[in-house]
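What follows is a short report on a single structure.
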Amino acid sequence: MSKIKTIHINNFKFFGVSKPIVLDGKNLLLYGENGSGKSSIYNALYTLLEAASKTQDETRKYFVPLTDATPESLVNIHAQQDEQGNINSCIEVTDDADKIYRLSLNKVDLCGNDSFKESQRSSDFISYKELFLFQLFRNSELSDLHDVFQRAVVPYLQCSTFEYRGQELSSLSSLFESYSDIESIKDNNPKGKKVIYKKGDKYKAYLKLEERINIELQELIDYINAQLPSTIRSFGYNFNAFLRYENQSHKKYDMRLEHIPYKVFLEIDEYNGQHVSIKHPNVFLNEAKMSALAFAIRWAILTRRPDLNSTPDALHVLVLDDIMISLDMGNREKLIKFILNDTRAKEYQLLFFTHEHILFEAIYRELGLQYSNSRTKALTDDWAIMEMYEHKIGSKSFPIIQPHLSSYGRALAYFNGSDRPIDYMASGNALR
């Protein structure tokens, strides 16, 4: 598998003119205080990989200067134009084979690139925001995870190859793109009006496509339901949850179609050994249990992906951003051990991000225990341990990324300004 060697984020989000972040293909554990730019790294990697399924115009809008006419710009607000009027805003990743993946205003060839789509499908992003979406329902609403699946699942999963109107569709996203393209299945009648003939061949093909979508999603739901019990119990919880799938469908009118989206309802049917029927789990469970349940679902989806050995040249990156923030320390330790010891996780280059120093130290401590008895490998052979801080000069702020040091080592580094600006106050705080 391919791993990230360097990440270069320049004039993008919180990053101004900057140097590459060097990982050398190692996993990353990164502590970043609030406002230090940690989320900018997450967003940069996400933007880069998402470009595989976006158009060039959709991507260029992120790299133009911010104005009232360009509200989706992600260019750093302090970025300066050069003599030619260009702003060198870019995201660039180099892998361990020295292959360069670059995205900028004038470099958008990754967009729609079939080869790069393998990297997108072989990587994943799980954040606390995404896990929180599993419980963001009112008491009067059923927990329908349709939007979660469309955003975080459908773009990344392959499916059985399906032929539709002369095309071979092999991903869930391609199935849905074809399904949504109503205009493509309309025929011109003799009067010049576009209609959808109920007995026409294109409509019959459309029905088969709809059937394929439901088959693929139902198989995914069945797989998730089979995985949930063991993962939930690994947290020490005694309840059983399941997903209930409601088919994608449509209504056929005389001259048009109306899509009816699929639904994925989250329910609980057993709690502490008793059979129950809980249709509002976000109200019934506390936040820690809901977070564990959301993670269990996302992890099951991750393990459902094809064998990553089938894409040896693609990036295999798993980015985890503060996913343990809603858990108490006991459950955090269980989740840390679960991820670090899981066979599937070992197939990825893991990037752990957190803004909580206690959690950072807990993961660091567990890693130290795992490598303590190894005679062949040290922790630093496999892991880059880094910290990230905001630094201000006048009215401008920028991120500083540095290796993790002991309190004394940090104090000395700030005092001498060896790998960061001299900061006597920070030096004193580190000594405390």
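In the structure tokens, the first chain shown is A, the next is B, and so on; residue numbers restart at 1 for each chain, and ligands run from 1 in the order shown.
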
- Test item: residues at most 10 Å from Lys99 of chain A, only C-alpha atoms, excluding those fewer than 4 positions along its chain, as a ChimeraX atom specification: /A:2,4-5,93-95,313

So that I can check the secondary structure, give me every residue of segment 166-364 of chain A assigned alpha helix (DSSP H) by backbone DSSP, as a PDB file with C-alpha atoms, in the first residue's frame.
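Listing of result_0.pdb after writing:
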```pdb
ATOM      1  CA  LEU A 172     -22.415   2.943  -5.265  1.00  0.00           C
ATOM      2  CA  SER A 173     -21.810   6.553  -6.276  1.00  0.00           C
ATOM      3  CA  SER A 174     -22.008   5.678  -9.995  1.00  0.00           C
ATOM      4  CA  LEU A 175     -25.295   3.852  -9.386  1.00  0.00           C
ATOM      5  CA  PHE A 176     -26.778   6.893  -7.677  1.00  0.00           C
ATOM      6  CA  GLU A 177     -25.452   9.324 -10.290  1.00  0.00           C
ATOM      7  CA  SER A 178     -27.155   7.303 -13.026  1.00  0.00           C
ATOM      8  CA  TYR A 179     -30.332   6.966 -10.980  1.00  0.00           C
ATOM      9  CA  SER A 180     -30.559  10.711 -10.393  1.00  0.00           C
ATOM     10  CA  ASP A 201     -36.659   0.083 -22.746  1.00  0.00           C
ATOM     11  CA  LYS A 202     -34.982   2.980 -20.906  1.00  0.00           C
ATOM     12  CA  TYR A 203     -37.568   2.941 -18.161  1.00  0.00           C
ATOM     13  CA  LYS A 204     -37.146  -0.813 -17.787  1.00  0.00           C
ATOM     14  CA  ALA A 205     -33.397  -0.292 -17.464  1.00  0.00           C
ATOM     15  CA  TYR A 206     -34.079   2.391 -14.870  1.00  0.00           C
ATOM     16  CA  LEU A 207     -36.163  -0.054 -12.825  1.00  0.00           C
ATOM     17  CA  LYS A 208     -33.321  -2.575 -12.903  1.00  0.00           C
ATOM     18  CA  LEU A 209     -30.917   0.118 -11.721  1.00  0.00           C
ATOM     19  CA  GLU A 210     -33.211   0.967  -8.822  1.00  0.00           C
ATOM     20  CA  GLU A 211     -33.395  -2.722  -7.937  1.00  0.00           C
ATOM     21  CA  ARG A 212     -29.575  -2.970  -7.978  1.00  0.00           C
ATOM     22  CA  ILE A 213     -29.241   0.009  -5.630  1.00  0.00           C
ATOM     23  CA  ASN A 214     -31.575  -1.639  -3.139  1.00  0.00           C
ATOM     24  CA  ILE A 215     -29.782  -4.980  -3.366  1.00  0.00           C
ATOM     25  CA  GLU A 216     -26.365  -3.404  -2.752  1.00  0.00           C
ATOM     26  CA  LEU A 217     -27.516  -1.252   0.158  1.00  0.00           C
ATOM     27  CA  GLN A 218     -29.475  -4.075   1.782  1.00  0.00           C
ATOM     28  CA  GLU A 219     -26.391  -6.301   1.608  1.00  0.00           C
ATOM     29  CA  LEU A 220     -24.361  -3.514   3.251  1.00  0.00           C
ATOM     30  CA  ILE A 221     -26.961  -3.090   6.007  1.00  0.00           C
ATOM     31  CA  ASP A 222     -27.037  -6.851   6.636  1.00  0.00           C
ATOM     32  CA  TYR A 223     -23.249  -6.856   6.951  1.00  0.00           C
ATOM     33  CA  ILE A 224     -23.257  -3.934   9.398  1.00  0.00           C
ATOM     34  CA  ASN A 225     -25.947  -5.584  11.523  1.00  0.00           C
ATOM     35  CA  ALA A 226     -23.859  -8.758  11.747  1.00  0.00           C
ATOM     36  CA  GLN A 227     -20.809  -6.790  12.981  1.00  0.00           C
ATOM     37  CA  LEU A 228     -22.485  -4.474  15.503  1.00  0.00           C
ATOM     38  CA  PRO A 229     -23.013  -6.806  18.505  1.00  0.00           C
ATOM     39  CA  SER A 230     -19.344  -7.744  18.999  1.00  0.00           C
ATOM     40  CA  THR A 231     -18.082  -4.168  18.582  1.00  0.00           C
ATOM     41  CA  ILE A 232     -20.675  -2.745  20.987  1.00  0.00           C
ATOM     42  CA  ARG A 233     -19.794  -5.376  23.570  1.00  0.00           C
ATOM     43  CA  SER A 234     -16.091  -4.595  23.211  1.00  0.00           C
ATOM     44  CA  PRO A 281     -31.921   5.600  20.370  1.00  0.00           C
ATOM     45  CA  ASN A 282     -30.462   9.128  20.552  1.00  0.00           C
ATOM     46  CA  VAL A 283     -32.990   9.906  23.289  1.00  0.00           C
ATOM     47  CA  PHE A 284     -32.754   6.549  25.048  1.00  0.00           C
ATOM     48  CA  GLU A 287     -23.948  10.450  24.674  1.00  0.00           C
ATOM     49  CA  ALA A 288     -21.111   8.019  25.418  1.00  0.00           C
ATOM     50  CA  LYS A 289     -23.167   4.992  24.336  1.00  0.00           C
ATOM     51  CA  MET A 290     -24.418   6.797  21.232  1.00  0.00           C
ATOM     52  CA  SER A 291     -20.832   7.699  20.315  1.00  0.00           C
ATOM     53  CA  ALA A 292     -19.768   4.082  20.750  1.00  0.00           C
ATOM     54  CA  LEU A 293     -22.709   2.932  18.614  1.00  0.00           C
ATOM     55  CA  ALA A 294     -21.941   5.469  15.884  1.00  0.00           C
ATOM     56  CA  PHE A 295     -18.301   4.384  15.843  1.00  0.00           C
ATOM     57  CA  ALA A 296     -19.331   0.704  15.662  1.00  0.00           C
ATOM     58  CA  ILE A 297     -21.433   1.436  12.562  1.00  0.00           C
ATOM     59  CA  ARG A 298     -18.686   3.430  10.867  1.00  0.00           C
ATOM     60  CA  TRP A 299     -16.082   0.799  11.673  1.00  0.00           C
ATOM     61  CA  ALA A 300     -18.270  -1.956  10.237  1.00  0.00           C
ATOM     62  CA  ILE A 301     -18.549   0.059   7.009  1.00  0.00           C
ATOM     63  CA  LEU A 302     -14.776   0.448   6.957  1.00  0.00           C
ATOM     64  CA  THR A 303     -14.247  -3.303   7.219  1.00  0.00           C
ATOM     65  CA  MET A 329     -11.493   7.694  30.011  1.00  0.00           C
ATOM     66  CA  GLY A 330     -12.464   4.052  30.536  1.00  0.00           C
ATOM     67  CA  ASN A 331     -14.201   3.867  27.164  1.00  0.00           C
ATOM     68  CA  ARG A 332     -11.444   5.867  25.517  1.00  0.00           C
ATOM     69  CA  GLU A 333      -8.888   3.289  26.567  1.00  0.00           C
ATOM     70  CA  LYS A 334     -11.092   0.512  25.162  1.00  0.00           C
ATOM     71  CA  LEU A 335     -11.462   2.344  21.845  1.00  0.00           C
ATOM     72  CA  ILE A 336      -7.719   3.096  21.649  1.00  0.00           C
ATOM     73  CA  LYS A 337      -6.869  -0.584  22.137  1.00  0.00           C
ATOM     74  CA  PHE A 338      -9.620  -1.643  19.722  1.00  0.00           C
ATOM     75  CA  ILE A 339      -8.259   0.526  16.899  1.00  0.00           C
ATOM     76  CA  LEU A 340      -4.562  -0.135  17.480  1.00  0.00           C
ATOM     77  CA  ASN A 341      -5.082  -3.909  17.640  1.00  0.00           C
ATOM     78  CA  HIS A 357      -3.848  16.734  25.699  1.00  0.00           C
ATOM     79  CA  ILE A 358      -5.055  14.084  28.166  1.00  0.00           C
ATOM     80  CA  LEU A 359      -6.322  11.980  25.271  1.00  0.00           C
ATOM     81  CA  PHE A 360      -3.094  12.571  23.351  1.00  0.00           C
ATOM     82  CA  GLU A 361      -1.081  11.312  26.332  1.00  0.00           C
ATOM     83  CA  ALA A 362      -3.389   8.288  26.725  1.00  0.00           C
ATOM     84  CA  ILE A 363      -2.838   7.206  23.101  1.00  0.00           C
ATOM     85  CA  TYR A 364       0.897   7.908  23.414  1.00  0.00           C
TER      86      TYR A 364
END
```

- Query: Which polymer residues have any atom within 8 Å of an atom of segment 258-270 of chain A, counting only C-alpha atoms, with same-chain residues fewer than 6 positions away left out, as a list of chain:residue names?
  - Reply: A:Leu142, A:Ser143, A:Asp144, A:Leu145, A:His146, A:Ser180, A:Phe239, A:Asn240, A:Ala241, A:Phe242, A:Leu243, A:Arg244, A:Tyr245, A:Glu246, A:Asn247, A:Gln248, A:Ser249, A:His250, A:Lys251, A:Lys252, A:Val276, A:Ser277, A:Ile278, A:Lys279, A:His280, A:Pro281

- Message: Let me make sure I understand: among A:Val154, A:Val75, A:Leu351, A:Met425, which one has the smallest atom-to-atom distance to Ile323 of chain A if we use only C-alpha atoms?
- Response: A:Leu351

- One decimal place gives the atom CA of Ser310 of chain A-atom CA of Cys159 of chain A separation as 14.4 Å

- Using only C-alpha atoms, which of the listed residues (A:Ser18, A:Ser326, A:Ser374, A:Gln402) sits closest to Ser127 of chain A?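 Nearest candidate to Ser127 of chain A out of A:Ser18, A:Ser326, A:Ser374, A:Gln402: A:Ser326.
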
- Can you tell me, as a list in words, what residues are no more than 10 Å from Gly37 of chain A when counting only C-alpha atoms, ignoring any on the same chain fewer than 4 positions away? Lys13, Phe14, Phe15, Gly32, Glu33, Ile41, Tyr42, Asn43, Met388, Tyr389, Glu390, Ser397, Phe398, Pro399, Ile400 and Ile401 of chain A

Restrict the calculation to only C-alpha atoms, then for each residue of segment 251-342 of chain A with any atom at most 10 Å from an atom of segment 107-117 of chain A give the closest atom pair and their distance in Å to one decimal, rows by chain and rising residue number, as a tab-separated table.
```
residue	atom	partner	partner_atom	distance
A:Thr311	CA	A:Ser115	CA	9.7
A:Asp313	CA	A:Ser115	CA	9.1
A:Ala314	CA	A:Phe116	CA	7.3
A:Leu315	CA	A:Phe116	CA	8.6
```

- Query: as a PyMOL selection string, which residues of segment 25-267 of chain A does DSSP assign to strand (DSSP E)?
  - Reply: chain A and resi 27-32+90-95+100-104+124-127+158-164+167-171+187-188+194-195+239-246+249-252+257-260+263-267
